[in-house]
>>> print(open('data_17.pdb').read())   # PDB, C-alpha atoms, pLDDT in the B column
ATOM      1  CA  THR A 248     -48.989 -42.908 -52.662  1.00 52.00           C
ATOM      2  CA  LYS A 249     -49.426 -39.373 -51.307  1.00 49.00           C
ATOM      3  CA  LEU A 250     -47.034 -40.103 -48.437  1.00 48.00           C
ATOM      4  CA  ILE A 251     -44.379 -41.418 -50.845  1.00 51.00           C
ATOM      5  CA  LEU A 252     -44.701 -38.351 -53.049  1.00 52.00           C
ATOM      6  CA  LEU A 253     -44.555 -36.013 -50.039  1.00 51.00           C
ATOM      7  CA  ASP A 254     -41.455 -37.807 -48.776  1.00 55.00           C
ATOM      8  CA  SER A 255     -39.850 -37.415 -52.214  1.00 53.00           C
ATOM      9  CA  LEU A 256     -40.651 -33.718 -52.318  1.00 55.00           C
ATOM     10  CA  LEU A 257     -38.749 -33.320 -49.053  1.00 55.00           C
ATOM     11  CA  GLN A 258     -35.621 -35.038 -50.380  1.00 72.00           C
ATOM     12  CA  GLU A 259     -32.684 -33.254 -51.958  1.00 90.00           C
ATOM     13  CA  ILE A 260     -32.362 -34.886 -55.376  1.00 96.00           C
ATOM     14  CA  LYS A 261     -29.567 -34.311 -57.870  1.00 96.00           C
ATOM     15  CA  LEU A 262     -28.788 -36.160 -61.089  1.00 97.00           C
ATOM     16  CA  VAL A 263     -25.282 -35.896 -62.521  1.00 97.00           C
ATOM     17  CA  TYR A 264     -24.834 -36.923 -66.143  1.00 97.00           C
ATOM     18  CA  PHE A 265     -23.521 -35.698 -69.463  1.00 96.00           C
ATOM     19  CA  ASP A 266     -25.541 -33.284 -71.578  1.00 95.00           C
ATOM     20  CA  VAL A 267     -26.980 -36.063 -73.741  1.00 94.00           C
ATOM     21  CA  TYR A 268     -29.971 -38.422 -73.549  1.00 95.00           C
ATOM     22  CA  ALA A 269     -28.278 -41.844 -73.564  1.00 93.00           C
ATOM     23  CA  ARG A 270     -28.198 -43.564 -70.160  1.00 95.00           C
ATOM     24  CA  GLY A 271     -29.398 -40.597 -68.132  1.00 96.00           C
ATOM     25  CA  GLU A 272     -32.627 -39.697 -69.894  1.00 97.00           C
ATOM     26  CA  ILE A 273     -34.765 -42.458 -68.424  1.00 98.00           C
ATOM     27  CA  ILE A 274     -33.884 -41.086 -64.981  1.00 98.00           C
ATOM     28  CA  ARG A 275     -34.877 -37.569 -66.047  1.00 98.00           C
ATOM     29  CA  LEU A 276     -38.150 -38.877 -67.488  1.00 98.00           C
ATOM     30  CA  ILE A 277     -39.137 -40.685 -64.297  1.00 98.00           C
ATOM     31  CA  LEU A 278     -38.370 -37.641 -62.161  1.00 98.00           C
ATOM     32  CA  HIS A 279     -40.269 -35.297 -64.476  1.00 98.00           C
ATOM     33  CA  TYR A 280     -43.199 -37.716 -64.677  1.00 98.00           C
ATOM     34  CA  ALA A 281     -43.325 -37.750 -60.874  1.00 97.00           C
ATOM     35  CA  GLY A 282     -43.244 -33.966 -60.809  1.00 96.00           C
ATOM     36  CA  VAL A 283     -40.601 -33.746 -58.096  1.00 95.00           C
ATOM     37  CA  PRO A 284     -38.020 -30.943 -58.057  1.00 95.00           C
ATOM     38  CA  PHE A 285     -34.441 -32.025 -58.715  1.00 96.00           C
ATOM     39  CA  THR A 286     -31.117 -30.624 -59.861  1.00 96.00           C
ATOM     40  CA  ASP A 287     -30.223 -31.787 -63.364  1.00 97.00           C
ATOM     41  CA  GLN A 288     -26.455 -31.299 -63.535  1.00 96.00           C
ATOM     42  CA  ARG A 289     -25.497 -31.659 -67.203  1.00 96.00           C
ATOM     43  CA  ILE A 290     -21.775 -32.024 -67.854  1.00 96.00           C
ATOM     44  CA  LYS A 291     -20.187 -31.185 -71.193  1.00 93.00           C
ATOM     45  CA  LEU A 292     -19.105 -34.287 -73.089  1.00 92.00           C
ATOM     46  CA  PRO A 293     -15.413 -34.998 -72.399  1.00 90.00           C
ATOM     47  CA  PHE A 294     -14.511 -35.325 -76.066  1.00 87.00           C
ATOM     48  CA  ILE A 295     -15.812 -31.770 -76.596  1.00 89.00           C
ATOM     49  CA  ASP A 296     -14.384 -30.208 -73.432  1.00 91.00           C
ATOM     50  CA  ASN A 297     -13.190 -32.371 -70.530  1.00 92.00           C
ATOM     51  CA  THR A 298     -12.566 -29.504 -68.062  1.00 94.00           C
ATOM     52  CA  GLU A 299     -15.846 -29.927 -66.194  1.00 94.00           C
ATOM     53  CA  TRP A 300     -15.703 -33.723 -66.208  1.00 94.00           C
ATOM     54  CA  MET A 301     -12.170 -33.741 -64.773  1.00 95.00           C
ATOM     55  CA  LYS A 302     -13.495 -31.760 -61.809  1.00 94.00           C
ATOM     56  CA  VAL A 303     -16.563 -33.937 -61.267  1.00 94.00           C
ATOM     57  CA  LYS A 304     -15.062 -37.390 -61.864  1.00 95.00           C
ATOM     58  CA  PRO A 305     -12.899 -37.559 -58.686  1.00 95.00           C
ATOM     59  CA  THR A 306     -16.009 -36.859 -56.553  1.00 92.00           C
ATOM     60  CA  ILE A 307     -17.723 -40.033 -57.802  1.00 94.00           C
ATOM     61  CA  PRO A 308     -16.488 -43.342 -56.313  1.00 91.00           C
ATOM     62  CA  SER A 309     -17.076 -45.330 -59.513  1.00 92.00           C
ATOM     63  CA  GLY A 310     -15.742 -42.583 -61.767  1.00 94.00           C
ATOM     64  CA  GLN A 311     -18.801 -43.078 -63.958  1.00 95.00           C
ATOM     65  CA  VAL A 312     -22.102 -41.336 -64.566  1.00 97.00           C
ATOM     66  CA  PRO A 313     -25.061 -41.211 -64.249  1.00 98.00           C
ATOM     67  CA  VAL A 314     -25.199 -40.918 -60.490  1.00 97.00           C
ATOM     68  CA  LEU A 315     -28.130 -39.829 -58.374  1.00 98.00           C
ATOM     69  CA  TYR A 316     -27.820 -38.059 -55.036  1.00 96.00           C
ATOM     70  CA  TRP A 317     -30.900 -38.763 -52.931  1.00 96.00           C
ATOM     71  CA  ASP A 318     -30.933 -36.919 -49.648  1.00 90.00           C
ATOM     72  CA  GLY A 319     -27.159 -37.206 -49.337  1.00 89.00           C
ATOM     73  CA  LYS A 320     -26.884 -40.824 -50.453  1.00 94.00           C
ATOM     74  CA  LEU A 321     -25.306 -41.695 -53.797  1.00 96.00           C
ATOM     75  CA  LEU A 322     -26.638 -44.256 -56.272  1.00 97.00           C
ATOM     76  CA  SER A 323     -24.949 -45.285 -59.500  1.00 96.00           C
ATOM     77  CA  GLN A 324     -25.805 -47.370 -62.576  1.00 96.00           C
ATOM     78  CA  SER A 325     -28.580 -46.079 -64.810  1.00 97.00           C
ATOM     79  CA  LEU A 326     -31.065 -48.929 -64.500  1.00 97.00           C
ATOM     80  CA  SER A 327     -30.491 -49.387 -60.767  1.00 97.00           C
ATOM     81  CA  ILE A 328     -31.267 -45.710 -60.252  1.00 98.00           C
ATOM     82  CA  SER A 329     -34.301 -45.969 -62.521  1.00 98.00           C
ATOM     83  CA  ARG A 330     -35.631 -49.025 -60.710  1.00 98.00           C
ATOM     84  CA  PHE A 331     -35.249 -47.276 -57.338  1.00 98.00           C
ATOM     85  CA  LEU A 332     -37.124 -44.217 -58.612  1.00 98.00           C
ATOM     86  CA  ALA A 333     -39.791 -46.382 -60.222  1.00 98.00           C
ATOM     87  CA  LYS A 334     -40.459 -47.998 -56.851  1.00 97.00           C
ATOM     88  CA  GLN A 335     -40.608 -44.576 -55.209  1.00 96.00           C
ATOM     89  CA  PHE A 336     -43.172 -43.307 -57.718  1.00 97.00           C
ATOM     90  CA  ASN A 337     -45.338 -46.415 -58.210  1.00 96.00           C
ATOM     91  CA  LEU A 338     -43.987 -47.294 -61.653  1.00 98.00           C
ATOM     92  CA  ALA A 339     -42.511 -50.681 -60.748  1.00 98.00           C
ATOM     93  CA  GLY A 340     -45.593 -52.908 -60.455  1.00 96.00           C
ATOM     94  CA  LEU A 341     -47.924 -53.859 -57.611  1.00 95.00           C
ATOM     95  CA  ASN A 342     -46.374 -57.260 -56.884  1.00 96.00           C
ATOM     96  CA  ASN A 343     -43.355 -59.406 -57.695  1.00 96.00           C
ATOM     97  CA  MET A 344     -44.850 -60.816 -60.894  1.00 95.00           C
ATOM     98  CA  GLU A 345     -45.686 -57.369 -62.268  1.00 95.00           C
ATOM     99  CA  SER A 346     -42.193 -56.182 -61.375  1.00 96.00           C
ATOM    100  CA  ALA A 347     -40.707 -59.164 -63.207  1.00 96.00           C
ATOM    101  CA  LEU A 348     -42.827 -58.471 -66.319  1.00 95.00           C
ATOM    102  CA  ILE A 349     -41.687 -54.848 -66.256  1.00 97.00           C
ATOM    103  CA  ASP A 350     -38.030 -55.874 -65.883  1.00 97.00           C
ATOM    104  CA  GLU A 351     -38.448 -58.292 -68.792  1.00 96.00           C
ATOM    105  CA  MET A 352     -39.511 -55.429 -71.062  1.00 97.00           C
ATOM    106  CA  VAL A 353     -36.756 -53.168 -69.755  1.00 98.00           C
ATOM    107  CA  ASP A 354     -34.150 -55.832 -70.514  1.00 97.00           C
ATOM    108  CA  THR A 355     -35.561 -56.300 -74.013  1.00 96.00           C
ATOM    109  CA  VAL A 356     -35.358 -52.565 -74.724  1.00 97.00           C
ATOM    110  CA  LEU A 357     -31.857 -52.500 -73.219  1.00 96.00           C
ATOM    111  CA  GLU A 358     -30.718 -55.026 -75.833  1.00 95.00           C
ATOM    112  CA  LEU A 359     -31.904 -52.646 -78.566  1.00 94.00           C
ATOM    113  CA  ASN A 360     -30.064 -49.769 -76.927  1.00 94.00           C
ATOM    114  CA  GLU A 361     -26.854 -51.753 -76.699  1.00 94.00           C
ATOM    115  CA  ASP A 362     -27.054 -52.586 -80.415  1.00 94.00           C
ATOM    116  CA  PHE A 363     -27.708 -48.919 -81.195  1.00 91.00           C
ATOM    117  CA  TYR A 364     -24.682 -47.684 -79.243  1.00 89.00           C
ATOM    118  CA  ALA A 365     -22.456 -50.429 -80.655  1.00 94.00           C
ATOM    119  CA  MET A 366     -23.398 -49.151 -84.108  1.00 93.00           C
ATOM    120  CA  THR A 367     -23.157 -45.456 -83.210  1.00 90.00           C
ATOM    121  CA  PHE A 368     -19.664 -45.671 -81.725  1.00 89.00           C
ATOM    122  CA  GLU A 369     -18.218 -48.162 -84.217  1.00 94.00           C
ATOM    123  CA  PRO A 370     -15.035 -46.448 -85.535  1.00 94.00           C
ATOM    124  CA  ASP A 371     -14.759 -48.513 -88.714  1.00 95.00           C
ATOM    125  CA  GLU A 372     -17.100 -46.982 -91.301  1.00 95.00           C
ATOM    126  CA  ASP A 373     -17.691 -50.229 -93.214  1.00 95.00           C
ATOM    127  CA  LYS A 374     -18.532 -52.118 -90.021  1.00 96.00           C
ATOM    128  CA  LYS A 375     -20.706 -49.224 -88.919  1.00 94.00           C
ATOM    129  CA  LYS A 376     -22.774 -49.471 -92.111  1.00 94.00           C
ATOM    130  CA  GLU A 377     -23.140 -53.223 -91.614  1.00 96.00           C
ATOM    131  CA  LYS A 378     -24.304 -52.753 -88.023  1.00 95.00           C
ATOM    132  CA  ASN A 379     -26.702 -50.008 -89.082  1.00 93.00           C
ATOM    133  CA  THR A 380     -28.279 -52.231 -91.717  1.00 94.00           C
ATOM    134  CA  LYS A 381     -28.548 -55.182 -89.338  1.00 94.00           C
ATOM    135  CA  LEU A 382     -30.078 -53.048 -86.576  1.00 94.00           C
ATOM    136  CA  TYR A 383     -32.732 -51.295 -88.625  1.00 93.00           C
ATOM    137  CA  GLU A 384     -33.583 -54.026 -91.121  1.00 93.00           C
ATOM    138  CA  LYS A 385     -33.371 -57.129 -88.937  1.00 95.00           C
ATOM    139  CA  THR A 386     -32.928 -56.635 -85.180  1.00 95.00           C
ATOM    140  CA  LEU A 387     -35.314 -53.718 -84.637  1.00 95.00           C
ATOM    141  CA  PRO A 388     -38.321 -55.166 -86.525  1.00 95.00           C
ATOM    142  CA  LEU A 389     -37.814 -58.542 -84.808  1.00 96.00           C
ATOM    143  CA  LYS A 390     -37.607 -57.028 -81.312  1.00 96.00           C
ATOM    144  CA  LEU A 391     -40.534 -54.674 -81.893  1.00 97.00           C
ATOM    145  CA  GLY A 392     -42.663 -57.582 -83.033  1.00 96.00           C
ATOM    146  CA  LEU A 393     -41.790 -59.537 -79.886  1.00 95.00           C
ATOM    147  CA  ILE A 394     -42.480 -56.525 -77.673  1.00 97.00           C
ATOM    148  CA  GLU A 395     -45.868 -55.897 -79.274  1.00 96.00           C
ATOM    149  CA  LYS A 396     -46.885 -59.561 -78.878  1.00 95.00           C
ATOM    150  CA  ARG A 397     -45.797 -59.517 -75.248  1.00 94.00           C
ATOM    151  CA  MET A 398     -47.752 -56.306 -74.756  1.00 94.00           C
ATOM    152  CA  ASP A 399     -50.871 -58.013 -76.149  1.00 92.00           C
ATOM    153  CA  SER A 400     -50.438 -60.935 -73.767  1.00 91.00           C
ATOM    154  CA  THR A 401     -50.512 -58.673 -70.695  1.00 88.00           C
ATOM    155  CA  GLY A 402     -53.514 -56.538 -71.613  1.00 89.00           C
ATOM    156  CA  GLY A 403     -52.503 -54.606 -74.710  1.00 89.00           C
ATOM    157  CA  GLN A 404     -52.391 -51.056 -73.327  1.00 94.00           C
ATOM    158  CA  PHE A 405     -48.909 -50.914 -71.818  1.00 97.00           C
ATOM    159  CA  LEU A 406     -45.739 -52.956 -72.153  1.00 97.00           C
ATOM    160  CA  ALA A 407     -46.260 -54.892 -68.930  1.00 94.00           C
ATOM    161  CA  ALA A 408     -48.918 -55.539 -66.296  1.00 86.00           C
ATOM    162  CA  ASN A 409     -51.484 -53.462 -68.261  1.00 89.00           C
ATOM    163  CA  ARG A 410     -50.542 -50.314 -66.348  1.00 94.00           C
ATOM    164  CA  LEU A 411     -48.062 -47.510 -66.939  1.00 97.00           C
ATOM    165  CA  SER A 412     -44.605 -48.454 -65.712  1.00 98.00           C
ATOM    166  CA  TRP A 413     -41.059 -47.298 -66.104  1.00 98.00           C
ATOM    167  CA  ALA A 414     -40.728 -49.845 -68.919  1.00 98.00           C
ATOM    168  CA  ASP A 415     -43.062 -47.636 -70.994  1.00 98.00           C
ATOM    169  CA  LEU A 416     -40.977 -44.551 -70.234  1.00 98.00           C
ATOM    170  CA  TYR A 417     -37.787 -46.441 -71.089  1.00 98.00           C
ATOM    171  CA  PHE A 418     -39.257 -47.661 -74.355  1.00 98.00           C
ATOM    172  CA  PHE A 419     -40.494 -44.146 -75.137  1.00 98.00           C
ATOM    173  CA  GLN A 420     -37.080 -42.530 -74.768  1.00 96.00           C
ATOM    174  CA  SER A 421     -35.226 -45.362 -76.494  1.00 96.00           C
ATOM    175  CA  MET A 422     -37.531 -45.221 -79.493  1.00 96.00           C
ATOM    176  CA  LYS A 423     -37.317 -41.417 -79.637  1.00 94.00           C
ATOM    177  CA  THR A 424     -33.585 -41.874 -80.168  1.00 91.00           C
ATOM    178  CA  LEU A 425     -33.923 -44.732 -82.666  1.00 91.00           C
ATOM    179  CA  LEU A 426     -36.583 -42.857 -84.630  1.00 92.00           C
ATOM    180  CA  MET A 427     -34.152 -39.999 -85.228  1.00 88.00           C
ATOM    181  CA  MET A 428     -32.441 -42.224 -87.795  1.00 85.00           C
ATOM    182  CA  LYS A 429     -35.483 -44.145 -89.040  1.00 89.00           C
ATOM    183  CA  PRO A 430     -38.694 -42.133 -88.492  1.00 92.00           C
ATOM    184  CA  MET A 431     -40.965 -44.840 -89.921  1.00 92.00           C
ATOM    185  CA  ALA A 432     -39.642 -47.684 -87.752  1.00 93.00           C
ATOM    186  CA  LEU A 433     -42.974 -48.087 -85.937  1.00 96.00           C
ATOM    187  CA  GLU A 434     -45.130 -47.982 -89.071  1.00 94.00           C
ATOM    188  CA  SER A 435     -45.790 -51.731 -88.899  1.00 95.00           C
ATOM    189  CA  PHE A 436     -46.415 -51.688 -85.152  1.00 96.00           C
ATOM    190  CA  PRO A 437     -49.538 -49.574 -84.568  1.00 96.00           C
ATOM    191  CA  LYS A 438     -49.974 -50.504 -80.912  1.00 96.00           C
ATOM    192  CA  LEU A 439     -46.430 -49.454 -80.071  1.00 97.00           C
ATOM    193  CA  ASP A 440     -46.866 -46.300 -82.128  1.00 97.00           C
ATOM    194  CA  ASN A 441     -50.010 -45.545 -80.142  1.00 97.00           C
ATOM    195  CA  LEU A 442     -48.160 -46.211 -76.881  1.00 98.00           C
ATOM    196  CA  MET A 443     -45.525 -43.661 -77.920  1.00 98.00           C
ATOM    197  CA  GLU A 444     -48.261 -41.106 -78.525  1.00 98.00           C
ATOM    198  CA  ARG A 445     -49.989 -41.767 -75.194  1.00 98.00           C
ATOM    199  CA  VAL A 446     -46.767 -41.602 -73.170  1.00 98.00           C
ATOM    200  CA  GLY A 447     -45.706 -38.467 -75.035  1.00 98.00           C
ATOM    201  CA  ASN A 448     -49.010 -36.822 -74.126  1.00 98.00           C
ATOM    202  CA  LEU A 449     -48.707 -37.411 -70.391  1.00 98.00           C
ATOM    203  CA  PRO A 450     -48.766 -33.796 -69.118  1.00 98.00           C
ATOM    204  CA  ASN A 451     -45.424 -33.757 -67.295  1.00 98.00           C
ATOM    205  CA  ILE A 452     -43.687 -35.754 -70.029  1.00 98.00           C
ATOM    206  CA  LYS A 453     -45.111 -33.548 -72.788  1.00 98.00           C
ATOM    207  CA  LYS A 454     -43.943 -30.407 -70.983  1.00 98.00           C
ATOM    208  CA  TYR A 455     -40.451 -31.776 -70.401  1.00 97.00           C
ATOM    209  CA  ILE A 456     -40.005 -33.021 -73.991  1.00 97.00           C
ATOM    210  CA  ALA A 457     -41.036 -29.599 -75.307  1.00 97.00           C
ATOM    211  CA  GLU A 458     -38.540 -27.823 -73.066  1.00 96.00           C
ATOM    212  CA  ARG A 459     -35.567 -30.180 -72.807  1.00 93.00           C
ATOM    213  CA  PRO A 460     -32.273 -29.414 -74.567  1.00 89.00           C
ATOM    214  CA  GLU A 461     -31.889 -31.126 -77.937  1.00 86.00           C
ATOM    215  CA  CYS A 462     -29.184 -33.778 -78.015  1.00 82.00           C
ATOM    216  CA  ALA A 463     -27.663 -35.901 -80.761  1.00 76.00           C
ATOM    217  CA  PHE A 464     -28.192 -39.189 -78.890  1.00 84.00           C
TER
END
>>> encode(input="data_17.pdb", output="structure tokens")
Amino acid sequence: TKLILLDSLLQEIKLVYFDVYARGEIIRLILHYAGVPFTDQRIKLPFIDNTEWMKVKPTIPSGQVPVLYWDGKLLSQSLSISRFLAKQFNLAGLNNMESALIDEMVDTVLELNEDFYAMTFEPDEDKKKEKNTKLYEKTLPLKLGLIEKRMDSTGGQFLAANRLSWADLYFFQSMKTLLMMKPMALESFPKLDNLMERVGNLPNIKKYIAERPECAF
């Protein structure tokens, strides 16, 4: 563990993403949790001012962000980057089964995120209201119930493998965003509410959350 952390401290690490939480925040959380120095390049959203993005976009093979530069090598795709970092910082499980349980929870949270963004960026106001109602009154309570039951089945303290993993950090950030619109969403799920509190009180996470720029999503 110490050798991995030392190796990471010696790397040149840079994250490139827009100045929002969205798909880049889980990467920021893992890096801050690990306590490694990195450059957090935050680009203005293109629909606000696309000047900066038009300069950065041609330098990225996929033309998409987030991307992570790790000692000169480029990685893209949010969850692929996150999974790589989780392995670097011992947040991806101790064996294949634990890794699979962690990925299962990540995929479940991803489904919630996809529903949230489909609702958020729906241009038709009537459809947007319908999606909002479905998400917060049906989909979210159902998924949270399944997540909490799954959490119980693997030890009850964390989402998977009964140890802190990047699935807990991913859930933490995703719920922080969802709770902006429905603060009481976890009221019926005390174990998940407690997990949010424990993750939020991890020293490096607590410090970062207190200092990070506020974003709309």
>>> closest_residue(input="data_17.pdb", among="A:Tyr264, A:Tyr417, A:Phe294, A:Phe363", to="Ser329 (chain A)", atoms="all atoms listed in the file")
A:Tyr417
>>> closest_residue(input="data_17.pdb", among="A:Lys453, A:Leu387, A:Ile277, A:Ile307", to="Ser323 (chain A)", atoms="all atoms listed in the file")
A:Ile307
>>> atom_distance(input="data_17.pdb", atom1="CA of Arg410 (chain A)", atom2="CA of Met344 (chain A)")
13.1 Å
>>> resolve_selection(input="data_17.pdb", expression="the PyMOL selection byres ((chain A and resi 316) around 12)", output="ChimeraX atom specification")
/A:258-264,285-288,306-307,312-315,317-323,328,332
>>> resolve_selection(input="data_17.pdb", expression="the PyMOL selection byres ((chain A and resi 424-435) around 9)", output="list in words")
Tyr268, Ala269, Asn360, Phe363, Tyr383, Leu387, Pro388, Leu391, Gly392, Phe419, Gln420, Ser421, Met422, Lys423, Phe436, Pro437, Lys438, Leu439, Asp440, Ala463 and Phe464 of chain A
>>> closest_residue(input="data_17.pdb", among="A:Glu345, A:Asp266, A:Glu351, A:Glu377", to="Leu393 (chain A)", atoms="all atoms listed in the file")
A:Glu351
>>> closest_residue(input="data_17.pdb", among="A:Leu341, A:Val356, A:Leu278, A:Leu292", to="Ala414 (chain A)", atoms="all atoms listed in the file")
A:Val356
>>> axis_aligned_box(input="data_17.pdb", around="region 422-441 of chain A", padding_each_side="6 Å", output="lines of an AutoDock Vina configuration file")
center_x = -41.2
center_y = -45.9
center_z = -84.7
size_x = 29.6
size_y = 23.7
size_z = 22.4
>>> closest_residue(input="data_17.pdb", among="A:Met366, A:Ile394, A:Ala333, A:Leu389", to="Asp354 (chain A)", atoms="all atoms listed in the file")
A:Ile394
>>> closest_residue(input="data_17.pdb", among="A:Gln311, A:Thr386, A:Val303, A:Ile274", to="Phe336 (chain A)", atoms="only C-alpha atoms")
A:Ile274
